[in-house]
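S.K.: Got a structure here, written out as structure tokens. Questions coming.
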Amino acid sequence: AQSVTQLGSHVSVSEGALVLLRCNYSSSVPPYLFWYVQYPNQGLQLLLKYTSAATLVKGINGFEAEFKKSETSFHLTKPSAHMSDAAEYFCAVRAAGNKLTFGGGTRVLVKP
Amino acid sequence: DAGVTQSPTHLIKTRGQQVTLRCSPKSGHDTVSWYQQALGQGPQFIFQYYEEEERQRGNFPDRFSGHQFPNYSSELNVNALLLGDSALYLCASGSGVRGLNTEAFFGQGTRLTVV
């Protein structure tokens, strides 16, 4: 069985500041890990994915995430927040099949 | 290339009624999964269809059922609606049940409100 914990349901950052969203997972098999973004009243858009290649994964819109097996973490970062980054972010793990297990989400507010 | 399309976008139903939601997968995809996202929560896996059969199922009652057609499109049916079924229902498509290197592409969702 797998699970995902996202620390912090809400994060507030200033425009231009670092964005750090935390994700810890548990999985009985080597995981595939994903970060999705959801804008209001929309579906989920893939930001990036880890599939056992490089541990530092670069995604769209300047986001990246680092897989740390020893810490069972897959934190998402962006060096400089933009107003358009205001959204909800979901970390997800996939083990067997295509079933995704999601965390509870982190809502990002960007202050001007 | 059309992505994952879902219909309808919004729906209001009364308790006890039945509802059918529809999903067309992204071109080239043959697997459809359904998720329920309650307000303020992450999506929860309902079930997955591949080759017109249910392959995996999450922790949802039998009131939730589905179907996949030969053209890979899918329906989600919910019987005897409860207020707690109000949520955004998301459809995701992928390639094969063991397509571990392909990410899931999500539709815009159907917002179901049960009154």
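Lettering and numbering for the structure tokens are positional, with chains as A, B, ... in the shown order, residues counted from 1 in each chain, and ligands counted from 1 in the shown order.
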What residues in chain A lie within 6 Å of chain B, counting only C-alpha atoms, written as a list in words?
M.R.: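 The contacting residues on chain A are Gln42, Gly43, Leu44, Gly97, Asn98, Phe102, Gly103, Gly104 and Gly105 of chain A.
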S.K.: Would you mind exporting N, CA, C and O atoms of the selected residues as an mmCIF file, in the first residue's frame?
M.R.:
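Dumped everything to selection.cif:
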data_model
loop_
_atom_site.group_PDB
_atom_site.id
_atom_site.type_symbol
_atom_site.label_atom_id
_atom_site.label_comp_id
_atom_site.auth_asym_id
_atom_site.auth_seq_id
_atom_site.Cartn_x
_atom_site.Cartn_y
_atom_site.Cartn_z
ATOM 1 N N GLN A 42 -10.725 23.617 -12.421
ATOM 2 C CA GLN A 42 -10.104 22.903 -13.529
ATOM 3 C C GLN A 42 -9.618 21.528 -13.078
ATOM 4 O O GLN A 42 -9.638 21.204 -11.894
ATOM 5 N N GLY A 43 -9.194 20.736 -14.051
ATOM 6 C CA GLY A 43 -8.624 19.429 -13.744
ATOM 7 C C GLY A 43 -7.180 19.556 -13.301
ATOM 8 O O GLY A 43 -6.716 20.637 -12.935
ATOM 9 N N LEU A 44 -6.470 18.456 -13.326
ATOM 10 C CA LEU A 44 -5.086 18.415 -12.876
ATOM 11 C C LEU A 44 -4.136 18.460 -14.063
ATOM 12 O O LEU A 44 -4.351 17.770 -15.063
ATOM 13 N N GLY A 97 0.086 -0.910 -11.299
ATOM 14 C CA GLY A 97 -0.897 -0.418 -12.242
ATOM 15 C C GLY A 97 -0.796 1.068 -12.436
ATOM 16 O O GLY A 97 0.261 1.663 -12.280
ATOM 17 N N ASN A 98 -1.871 1.675 -12.778
ATOM 18 C CA ASN A 98 -1.888 3.121 -13.008
ATOM 19 C C ASN A 98 -2.604 3.891 -11.920
ATOM 20 O O ASN A 98 -2.861 5.074 -12.070
ATOM 21 N N PHE A 102 -3.042 10.253 -3.996
ATOM 22 C CA PHE A 102 -2.730 11.669 -3.857
ATOM 23 C C PHE A 102 -2.614 12.079 -2.394
ATOM 24 O O PHE A 102 -3.245 11.500 -1.502
ATOM 25 N N GLY A 103 -1.825 13.122 -2.184
ATOM 26 C CA GLY A 103 -1.827 13.788 -0.903
ATOM 27 C C GLY A 103 -3.023 14.727 -0.818
ATOM 28 O O GLY A 103 -3.797 14.861 -1.773
ATOM 29 N N GLY A 104 -3.151 15.387 0.324
ATOM 30 C CA GLY A 104 -4.301 16.245 0.540
ATOM 31 C C GLY A 104 -4.229 17.585 -0.163
ATOM 32 O O GLY A 104 -5.211 18.329 -0.180
ATOM 33 N N GLY A 105 -3.078 17.903 -0.726
ATOM 34 C CA GLY A 105 -2.939 19.142 -1.466
ATOM 35 C C GLY A 105 -2.393 20.285 -0.628
ATOM 36 O O GLY A 105 -2.565 20.317 0.597
#
S.K.: Let's see if you can do this: from backbone DSSP, list all helix (DSSP H, G or I) residues in segment 9-71 of chain A, as a count of residues only.
M.R.: 6
S.K.: Restricting the calculation to only C-alpha atoms, which member of B:Ala2, B:Ser27, B:Arg22, B:Lys13 is positioned closest to Phe69 of chain B?
M.R.: B:Arg22
S.K.: What does the distance between atom CA of Ala80 of chain B and atom CA of Thr20 of chain B come to in Å, to one decimal place?
M.R.: 11.9 Å
S.K.: Considering only C-alpha atoms, return as a PyMOL selection string whatever protein or nucleic-acid residues lie within 9 Å of segment 12-24 of chain A, sequence-local ones (same chain, fewer than 5 positions apart) excluded.
M.R.: chain A and resi 3-7+63+71-83+89-92+103+106-112
